[in-house]
Structures are given as structure tokens and as C-alpha cells.
file target-v3.cif (mmCIF, C-alpha atoms)
data_start
loop_
_atom_site.label_atom_id
_atom_site.label_comp_id
_atom_site.auth_asym_id
_atom_site.auth_seq_id
_atom_site.Cartn_x
_atom_site.Cartn_y
_atom_site.Cartn_z
CA MET E 1 44.45 22.43 2.08
CA THR E 2 41.05 23.79 1.37
CA LYS E 3 39.70 26.52 3.58
CA LYS E 4 37.21 24.15 5.17
CA LYS E 5 39.91 21.70 6.15
CA LYS E 6 42.00 24.49 7.64
CA ILE E 7 39.15 25.68 9.81
CA PHE E 8 38.56 22.12 10.95
CA TRP E 9 42.15 21.56 12.08
CA TYR E 10 42.43 24.92 13.77
CA THR E 11 39.28 24.16 15.74
CA ILE E 12 40.69 20.78 16.82
CA ILE E 13 43.97 22.35 17.95
CA GLY E 14 42.11 25.17 19.66
CA LEU E 15 39.89 22.75 21.52
CA PHE E 16 42.92 20.74 22.58
CA PHE E 17 44.48 23.83 24.16
CA LEU E 18 41.20 24.80 25.79
CA MET E 19 41.03 21.34 27.32
CA GLN E 20 44.44 21.89 28.92
CA ILE E 21 43.25 25.08 30.60
CA TYR E 22 40.15 23.48 32.12
CA PRO E 23 41.04 23.20 35.81
CA VAL E 24 41.01 19.81 37.56
CA ASN E 25 42.47 18.86 40.90
CA ARG E 26 45.28 16.37 40.88
CA PRO E 27 45.07 13.98 43.84
CA GLU E 28 48.04 14.81 46.00
CA ILE E 29 51.08 12.55 46.26
CA ILE E 30 52.17 11.93 49.85
CA ALA E 31 55.44 10.07 50.16
CA ASP E 32 55.49 9.39 53.89
CA ASN E 33 52.55 7.36 55.14
CA PRO E 34 53.10 5.98 58.64
CA ASN E 35 49.80 4.07 58.51
CA ASP E 36 50.64 2.27 55.28
CA LEU E 37 49.88 -1.46 54.95
CA LEU E 38 53.34 -2.46 53.79
CA LYS E 39 54.98 -0.44 56.57
CA ASN E 40 52.91 -1.98 59.34
CA GLU E 41 52.28 -5.55 58.29
CA ASP E 42 54.55 -8.39 57.35
CA VAL E 43 53.42 -8.89 53.76
CA PRO E 44 55.27 -11.55 51.72
CA GLU E 45 57.66 -10.13 49.13
CA ASN E 46 55.80 -11.43 46.05
CA ILE E 47 52.47 -10.08 47.31
CA SER E 48 53.81 -6.68 48.31
CA SER E 49 55.40 -6.14 44.91
CA MET E 50 52.16 -7.10 43.16
CA LEU E 51 50.23 -4.69 45.35
CA ARG E 52 52.70 -1.93 44.60
CA TYR E 53 52.74 -2.41 40.85
CA ALA E 54 49.09 -3.35 40.32
CA CYS E 55 47.18 -1.40 42.99
CA TYR E 56 49.15 1.39 44.61
CA ASP E 57 48.76 3.96 41.83
CA CYS E 58 45.07 4.33 42.62
CA HIS E 59 44.79 2.76 46.06
CA SER E 60 47.46 4.66 47.99
CA ASN E 61 48.82 8.17 48.45
CA GLU E 62 51.99 7.13 46.65
CA THR E 63 50.61 7.49 43.13
CA ILE E 64 53.16 7.54 40.34
CA TYR E 65 51.74 9.69 37.56
CA PRO E 66 53.10 8.90 34.08
CA TRP E 67 54.06 11.88 31.86
CA TYR E 68 50.90 11.63 29.76
CA ALA E 69 48.77 11.88 32.89
CA SER E 70 49.22 15.65 32.88
CA ILE E 71 47.67 16.04 29.44
CA ALA E 72 43.91 16.38 29.03
CA PRO E 73 41.80 14.42 28.32
CA VAL E 74 43.89 11.58 29.81
CA LYS E 75 44.45 13.52 33.01
CA TRP E 76 40.71 13.79 33.64
CA ILE E 77 40.42 10.01 33.59
CA VAL E 78 43.56 9.38 35.62
CA TYR E 79 42.76 11.93 38.32
CA ASP E 80 39.18 10.74 38.56
CA HIS E 81 40.20 7.09 38.91
CA THR E 82 42.86 7.91 41.47
CA GLU E 83 40.45 9.92 43.57
CA ASN E 84 37.74 7.25 43.48
CA GLY E 85 40.26 4.48 44.03
CA ARG E 86 41.59 6.10 47.19
CA GLU E 87 38.08 6.69 48.44
CA ASP E 88 37.17 3.02 48.14
CA LEU E 89 40.43 1.66 49.50
CA ASN E 90 43.57 3.50 50.50
CA PHE E 91 46.44 1.27 51.58
CA SER E 92 48.18 4.34 52.99
CA ASP E 93 45.48 4.55 55.69
CA TRP E 94 45.51 0.85 56.51
CA ASN E 95 46.29 1.21 60.19
CA THR E 96 43.45 3.65 60.79
CA LEU E 97 40.91 0.90 59.99
CA SER E 98 39.28 -1.18 62.70
CA LYS E 99 40.13 -4.87 62.73
CA SER E 100 36.76 -5.86 61.36
CA ASP E 101 37.03 -3.28 58.57
CA LYS E 102 40.46 -4.68 57.70
CA ILE E 103 38.90 -8.11 57.38
CA GLY E 104 36.15 -6.71 55.16
CA VAL E 105 38.72 -4.96 52.96
CA LEU E 106 40.79 -8.13 52.57
CA ASP E 107 37.71 -10.11 51.57
CA ASP E 108 36.81 -7.45 49.00
CA ILE E 109 40.33 -7.56 47.58
CA SER E 110 40.10 -11.30 47.19
CA GLU E 111 36.77 -11.03 45.41
CA GLU E 112 37.74 -8.18 43.09
CA VAL E 113 41.03 -9.78 42.12
CA THR E 114 39.73 -13.32 41.53
CA ASP E 115 36.77 -12.01 39.54
CA GLU E 116 39.25 -10.02 37.43
CA LYS E 117 37.44 -6.79 38.16
CA MET E 118 40.68 -5.31 39.43
CA PRO E 119 43.06 -4.03 38.24
CA LEU E 120 40.90 -2.33 35.61
CA LYS E 121 41.20 -3.98 32.18
CA PHE E 122 43.03 -1.14 30.42
CA TYR E 123 45.49 -0.42 33.22
CA PRO E 124 48.02 -3.21 32.44
CA ILE E 125 48.30 -1.96 28.84
CA THR E 126 50.42 0.93 30.07
CA HIS E 127 51.62 -0.69 33.30
CA LYS E 128 53.33 -4.00 32.54
CA GLY E 129 53.84 -4.83 36.21
CA ALA E 130 50.09 -4.75 36.77
CA LYS E 131 49.45 -7.72 34.53
CA LEU E 132 48.35 -10.50 36.87
CA SER E 133 48.27 -14.14 35.82
CA LYS E 134 45.74 -16.64 37.16
CA ASP E 135 48.40 -17.87 39.60
CA ASP E 136 49.15 -14.33 40.73
CA ARG E 137 45.48 -13.74 41.41
CA GLN E 138 45.23 -17.00 43.31
CA ALA E 139 48.29 -16.04 45.36
CA ILE E 140 46.69 -12.74 46.34
CA ALA E 141 43.40 -14.44 47.25
CA ASP E 142 45.25 -17.03 49.36
CA TRP E 143 47.18 -14.29 51.11
CA THR E 144 44.01 -12.35 51.97
CA GLU E 145 42.33 -15.48 53.36
CA SER E 146 45.21 -16.38 55.66
CA PHE E 147 45.81 -12.77 56.66
CA MET E 148 42.12 -12.37 57.53
CA GLU E 149 42.33 -15.21 60.03
CA GLU E 150 45.55 -13.83 61.52
CA LEU E 151 43.83 -10.58 62.43
CA PHE E 152 41.76 -12.07 65.24
CA MET Z 1 -10.69 -46.46 40.80
CA LYS Z 2 -8.34 -45.09 38.19
CA ASN Z 3 -10.68 -42.22 37.60
CA ARG Z 4 -10.69 -41.32 41.23
CA ILE Z 5 -6.91 -41.05 41.38
CA THR Z 6 -6.80 -38.82 38.33
CA ASN Z 7 -9.41 -36.62 39.89
CA LEU Z 8 -7.43 -36.40 43.05
CA MET Z 9 -4.15 -35.72 41.22
CA PRO Z 10 -4.20 -31.90 41.58
CA ALA Z 11 -4.93 -32.22 45.25
CA ILE Z 12 -2.11 -34.75 45.69
CA LEU Z 13 0.34 -32.51 43.86
CA LEU Z 14 -0.68 -29.55 45.93
CA PHE Z 15 -0.23 -31.61 49.07
CA LEU Z 16 3.25 -32.72 47.95
CA SER Z 17 4.29 -29.20 47.04
CA PHE Z 18 3.54 -28.18 50.58
CA PHE Z 19 6.07 -30.73 51.72
CA MET Z 20 8.65 -29.47 49.27
CA PHE Z 21 8.24 -25.96 50.53
CA SER Z 22 8.35 -26.84 54.17
CA TYR Z 23 11.36 -29.03 53.48
CA THR Z 24 13.50 -26.13 52.30
CA THR Z 25 12.47 -23.82 55.07
CA ASP Z 26 12.74 -26.53 57.70
CA THR Z 27 16.29 -27.52 56.89
CA LEU Z 28 17.20 -23.87 57.06
CA HIS Z 29 15.44 -23.47 60.34
CA ASN Z 30 17.00 -26.44 62.05
CA ASN Z 31 20.47 -25.81 60.82
CA TYR Z 32 21.29 -22.34 61.64
CA GLU Z 33 20.44 -21.18 65.04
CA THR Z 34 23.91 -21.36 66.57
CA ILE Z 35 27.29 -21.76 64.99
CA ASN Z 36 30.46 -22.51 66.91
CA PHE Z 37 33.82 -21.27 65.83
CA THR Z 38 35.66 -22.13 68.99
CA ASN Z 39 34.26 -23.31 72.27
CA SER Z 40 34.06 -19.82 73.62
CA GLU Z 41 32.63 -18.07 70.60
CA GLU Z 42 29.13 -18.80 69.60
CA ILE Z 43 27.25 -17.11 66.84
CA VAL Z 44 23.58 -16.89 67.63
CA ILE Z 45 20.89 -16.24 65.10
CA PRO Z 46 17.81 -15.35 67.10
CA ASN Z 47 14.41 -16.33 65.77
CA ASP Z 48 13.38 -12.84 64.72
CA VAL Z 49 16.61 -12.31 62.76
CA HIS Z 50 16.24 -15.75 61.28
CA GLU Z 51 12.72 -14.97 60.20
CA VAL Z 52 13.77 -11.81 58.33
CA LEU Z 53 16.71 -13.54 56.66
CA LYS Z 54 14.43 -16.36 55.58
CA GLU Z 55 11.59 -14.20 54.30
CA LYS Z 56 13.52 -11.37 52.69
CA CYS Z 57 16.99 -12.61 51.78
CA TYR Z 58 17.15 -16.39 51.51
CA GLY Z 59 15.20 -16.48 48.23
CA CYS Z 60 18.28 -15.30 46.32
CA HIS Z 61 21.09 -15.90 48.77
CA ASN Z 62 21.09 -19.69 48.96
CA THR Z 63 23.09 -22.53 47.43
CA GLU Z 64 20.34 -23.50 44.97
CA SER Z 65 19.81 -19.94 43.81
CA ARG Z 66 19.94 -19.33 40.07
CA GLY Z 67 21.52 -15.95 40.66
CA GLU Z 68 25.24 -16.75 40.52
CA LYS Z 69 26.20 -13.29 41.68
CA SER Z 70 23.84 -13.13 44.63
CA LYS Z 71 24.89 -16.46 46.06
CA LYS Z 72 28.54 -15.77 45.50
CA LYS Z 73 28.33 -12.48 47.35
CA PHE Z 74 26.44 -13.95 50.27
CA ASN Z 75 25.15 -17.46 50.77
CA ILE Z 76 23.05 -17.87 53.89
CA ASP Z 77 23.52 -21.64 53.75
CA HIS Z 78 27.24 -21.09 54.31
CA LEU Z 79 26.50 -19.53 57.67
CA THR Z 80 25.96 -23.02 59.01
CA ASP Z 81 27.65 -25.51 56.70
CA GLY Z 82 31.14 -24.51 57.79
CA ASN Z 83 31.98 -22.99 54.42
CA TYR Z 84 32.62 -19.55 55.85
CA SER Z 85 35.73 -19.11 57.93
CA LYS Z 86 35.67 -16.75 60.88
CA GLY Z 87 37.17 -14.00 58.75
CA LYS Z 88 34.63 -14.51 55.96
CA PHE Z 89 31.89 -14.43 58.55
CA VAL Z 90 33.00 -11.05 59.88
CA SER Z 91 33.34 -9.72 56.34
CA LYS Z 92 29.86 -10.88 55.35
CA LEU Z 93 28.34 -9.43 58.51
CA GLY Z 94 30.03 -6.13 57.68
CA ASP Z 95 28.59 -6.32 54.17
CA ILE Z 96 25.11 -6.85 55.60
CA VAL Z 97 25.44 -3.66 57.65
CA GLU Z 98 26.74 -1.76 54.64
CA VAL Z 99 24.09 -2.79 52.10
CA LEU Z 100 21.27 -2.22 54.57
CA GLU Z 101 22.52 1.17 55.73
CA GLU Z 102 22.86 2.28 52.12
CA LYS Z 103 19.51 0.65 51.27
CA ASN Z 104 21.07 -1.32 48.43
CA MET Z 105 19.31 -4.57 49.29
CA PRO Z 106 16.96 -6.01 48.17
CA PRO Z 107 17.78 -4.51 44.75
CA GLU Z 108 15.40 -1.84 43.48
CA LYS Z 109 14.64 -3.76 40.30
CA PHE Z 110 13.70 -6.81 42.31
CA LEU Z 111 11.40 -4.76 44.53
CA VAL Z 112 9.45 -3.52 41.54
CA LYS Z 113 8.41 -7.12 40.93
CA TYR Z 114 8.21 -8.17 44.58
CA PRO Z 115 7.34 -5.09 46.63
CA ASN Z 116 6.50 -7.21 49.69
CA LYS Z 117 10.17 -8.22 49.97
CA GLU Z 118 11.20 -4.74 50.99
CA LEU Z 119 12.62 -4.56 54.50
CA THR Z 120 10.72 -2.42 56.96
CA ALA Z 121 12.75 0.08 58.97
CA ASP Z 122 12.43 -2.18 62.02
CA GLU Z 123 13.60 -5.27 60.17
CA SER Z 124 16.53 -3.42 58.70
CA LEU Z 125 17.56 -2.10 62.10
CA LEU Z 126 17.18 -5.54 63.62
CA LEU Z 127 19.60 -7.08 61.11
CA ILE Z 128 22.07 -4.19 61.39
CA ASN Z 129 22.17 -4.38 65.18
CA TRP Z 130 22.46 -8.14 65.11
CA ALA Z 131 25.31 -8.07 62.57
CA ASN Z 132 27.21 -5.36 64.44
CA ASN Z 133 26.81 -7.25 67.68
CA GLN Z 134 28.02 -10.52 66.18
CA ILE Z 135 31.05 -8.76 64.71
CA LYS Z 136 31.93 -7.51 68.18
CA ILE Z 137 31.59 -10.97 69.65
CA LEU Z 138 33.76 -12.51 66.94
CA MET Z 139 36.39 -9.80 67.28
CA GLY Z 140 36.46 -10.41 71.01
CA GLU Z 141 35.42 -6.86 71.85
#
call {"tool": "encode", "arguments": {"input": "target-v3.cif", "output": "C-alpha cells"}}
result
Amino acid sequence: MTKKKKIFWYTIIGLFFLMQIYPVNRPEIIADNPNDLLKNEDVPENISSMLRYACYDCHSNETIYPWYASIAPVKWIVYDHTENGREDLNFSDWNTLSKSDKIGVLDDISEEVTDEKMPLKFYPITHKGAKLSKDDRQAIADWTESFMEELF
Amino acid sequence: MKNRITNLMPAILLFLSFFMFSYTTDTLHNNYETINFTNSEEIVIPNDVHEVLKEKCYGCHNTESRGEKSKKKFNIDHLTDGNYSKGKFVSKLGDIVEVLEEKNMPPEKFLVKYPNKELTADESLLLINWANNQIKILMGE
């Protein structure tokens, strides 16, 4: 290796370690959520498993972080998405919502899922269970529509 | 004779275009004053609210709109044609409150071109109060 190449690789490795030191807050995992959607509502089996595998990592307090999610720069992305996801919709806080907010949330879910905006495009690459077919998406939309009417 | 008609053509077209315009606004006006979900629940769209919706929102949020996104998100025609279920209705009313409180509608880009479409503070408040009130009625509160 020439001297130039050596310097280059040492800088890369050095930067990688520096990235690990840079402090970021990991959104907390809370296992017991008495206000959780699946604990309080009678959600059909197929729907609840889709929600768990395709949504709950970012939209609940029960995030399952994969091993690579503790390594920067991946962890920056994962933590950021989890934090924003929970802010927009947190299934763990379902029962704290008013009835009309619940209806609004369900309608948003239907829209995001049928328009294929959610789950995010890259997410199913590493999470096989999050891959939703057209039928799956339709099933979720149908569930939200009937659930919305039940809430009155 | 022929000459006369050709001369009058612009005037005739202008006259007809008036009809076309009043046609769209009239159907809207007649259709959507009250909507019944059940016998006991009645959605009322008062004239002042109706006027704001028509002037400031209907241009994009209608069935004929060329903006696919805007009419998919909220189609004012669906308030009366039975296309929105009760749940959808509540959700859309909630969305109205949200976008107006956050001043996200009409879109900024659109306002650059059409500054007169901006909602005044009074108009915004009128729609927000109306939507919140209708949500309460529909939720039976």
C-alpha cells in the first residue's frame, strides 16, 4: 500500500469510530403498554399480525431493534424514524385518544397503506414480515373502514 | 343575417359561459345544505360556511378537479353524494381542523398565484368551529 492509500483508510476507520461516539438518544422500549390497541380492541388475527410485523417497530413503544441498529450511521436513521413514527402515531397510546381522533387515525392508516406510502419502501428489505401484498393492503383498509363505523 | 350572428357570437358565448359557471355553483349550493346520516343526526352546512368552502376550497376539492391528490384527500362533493360514510365524515372534519390550525391550506405555492384565495382569520375560525361542532354532533357528545 502506498502511503496515500494508508492515510485514506486510516481516516475512514477513524471517522467510523468517531461516528460511534457521537451521542444520540435511542427511543425507549416499553414492554407493558396498558393503552395499547391490540390489548384493548378486538382486532382480527391476520390484521393484528400485520400491524405487529409491518408497523409496530416505529409506531409503538415495543420497538424491536435489530443488531445493526446500534451501529452508526444506521442507528441515526433508525432512531430518527422510530421517534418520528411514534410522534405521528403510537399504537401503544391508542386508548388515550378521543373517539374522533381514533377515527381520524384509522382513516389515515387506510390512506397511507393503500397508497403504499407505508411501510416505508426500504423497510421490508430487512423485515420480511413487513412486505404487504395488494390483498394485505386491501384487508387493512377494509378493517379500518369497518372499525371506524363501529366506534360510534 | 349571417353577419349579425357572427358579430353577436362573442356576446352569446359570454352569455353561455355565465350559465356554465352558475350551473356548477348552483348544483353545489342546492345539494349540500343538510345531510342525514340517521334520522336523529343531521349535518348542517350553514350559508356562511358554505360560502367559504365554495370560494376558497371547492376549486380544487371537487370531483371534476384535475388535482388527483387534492380531490382524493377531500372531495366536497362527497359531503352530499353519500360517498362519505359517517366515519369518513368525522375524519375529514378532523382534517379540516388540522390543516387550518397549522395553516397548511390553501397551499403556499397556490397562494402565490392566487393570493385572494387565502383564508382570513375569521373564515378560518368559522370553518374550524363548524367542523369541531359537527364532529361533536356526529360523535353524540
call {"tool": "closest_atom_pairs", "arguments": {"input": "target-v3.cif", "of": "chain Z", "to": "chain E", "cutoff": "9 Å", "atoms": "only C-alpha atoms", "output": "CSV"}}
result
residue,atom,partner,partner_atom,distance
Z:Lys73,CA,E:Glu111,CA,8.8
Z:Ser85,CA,E:Glu149,CA,7.9
Z:Lys86,CA,E:Glu149,CA,6.9
Z:Gly87,CA,E:Met148,CA,5.4
Z:Lys88,CA,E:Asp107,CA,6.9
Z:Val90,CA,E:Ser100,CA,6.6
Z:Ser91,CA,E:Gly104,CA,4.3
Z:Lys92,CA,E:Gly104,CA,7.5
Z:Leu93,CA,E:Gly104,CA,8.9
Z:Gly94,CA,E:Gly104,CA,6.6
Z:Asp95,CA,E:Gly104,CA,7.6
Z:Ile135,CA,E:Ser100,CA,7.2
Z:Lys136,CA,E:Ser100,CA,8.5
Z:Leu138,CA,E:Phe152,CA,8.2
Z:Met139,CA,E:Phe152,CA,6.2
Z:Gly140,CA,E:Phe152,CA,8.0
call {"tool": "residues_around", "arguments": {"input": "target-v3.cif", "residues": "His127 of chain E", "least_positions_apart": "3", "cutoff": "8 Å", "atoms": "all atoms listed in the file", "output": "list in words"}}
result
Tyr53, Ala54, Tyr123, Pro124, Ala130 and Lys131 of chain E
call {"tool": "resolve_selection", "arguments": {"input": "target-v3.cif", "expression": "the PyMOL selection byres ((chain Z and resi 56) around 9)", "output": "PDB file with C-alpha atoms, keeping the file's coordinate frame"}}
result
ATOM      1  CA  GLU Z  51      12.720 -14.970  60.200  1.00  0.00           C
ATOM      2  CA  VAL Z  52      13.770 -11.810  58.330  1.00  0.00           C
ATOM      3  CA  LEU Z  53      16.710 -13.540  56.660  1.00  0.00           C
ATOM      4  CA  LYS Z  54      14.430 -16.360  55.580  1.00  0.00           C
ATOM      5  CA  GLU Z  55      11.590 -14.200  54.300  1.00  0.00           C
ATOM      6  CA  CYS Z  57      16.990 -12.610  51.780  1.00  0.00           C
ATOM      7  CA  TYR Z  58      17.150 -16.390  51.510  1.00  0.00           C
ATOM      8  CA  GLY Z  59      15.200 -16.480  48.230  1.00  0.00           C
ATOM      9  CA  CYS Z  60      18.280 -15.300  46.320  1.00  0.00           C
ATOM     10  CA  PRO Z 106      16.960  -6.010  48.170  1.00  0.00           C
ATOM     11  CA  ASN Z 116       6.500  -7.210  49.690  1.00  0.00           C
ATOM     12  CA  LYS Z 117      10.170  -8.220  49.970  1.00  0.00           C
ATOM     13  CA  GLU Z 118      11.200  -4.740  50.990  1.00  0.00           C
ATOM     14  CA  LEU Z 119      12.620  -4.560  54.500  1.00  0.00           C
TER      15      LEU Z 119
END
call {"tool": "resolve_selection", "arguments": {"input": "target-v3.cif", "expression": "the PyMOL selection byres ((chain Z and resi 126) around 12)", "output": "list in words"}}
result
Ile45, Pro46, Asn47, Asp48, Val49, His50, Glu51, Val52, Leu53, Ile96, Val97, Leu100, Glu101, Leu119, Thr120, Ala121, Asp122, Glu123, Ser124, Leu125, Leu127, Ile128, Asn129, Trp130, Ala131, Asn132 and Asn133 of chain Z
call {"tool": "residues_around", "arguments": {"input": "target-v3.cif", "residues": "segment 19-28 of chain E", "least_positions_apart": "2", "cutoff": "7 Å", "atoms": "all atoms listed in the file", "output": "JSON, numbers by chain"}}
result
{"E": [15, 16, 17, 30, 71, 72, 79, 82, 83]}
call {"tool": "resolve_selection", "arguments": {"input": "target-v3.cif", "expression": "the PyMOL selection byres ((chain E and resi 36-40) around 12)", "output": "ChimeraX atom specification"}}
result
/E:30-35,41-45,47-52,56,59-62,89-97,102,105-106
call {"tool": "atom_distance", "arguments": {"input": "target-v3.cif", "atom1": "atom CA of Ser70 of chain Z", "atom2": "atom CA of Lys109 of chain Z"}}
result
13.8 Å
call {"tool": "residues_around", "arguments": {"input": "target-v3.cif", "residues": "Asp77 of chain Z", "least_positions_apart": "2", "cutoff": "8 Å", "atoms": "only C-alpha atoms", "output": "PyMOL selection string"}}
result
chain Z and resi 28+61-63+75+79-81
call {"tool": "atom_distance", "arguments": {"input": "target-v3.cif", "atom1": "atom CA of Ser110 of chain E", "atom2": "atom CA of Ile140 of chain E"}}
result
6.8 Å
call {"tool": "atom_distance", "arguments": {"input": "target-v3.cif", "atom1": "atom CA of Ile77 of chain E", "atom2": "atom CA of Leu120 of chain E"}}
result
12.5 Å
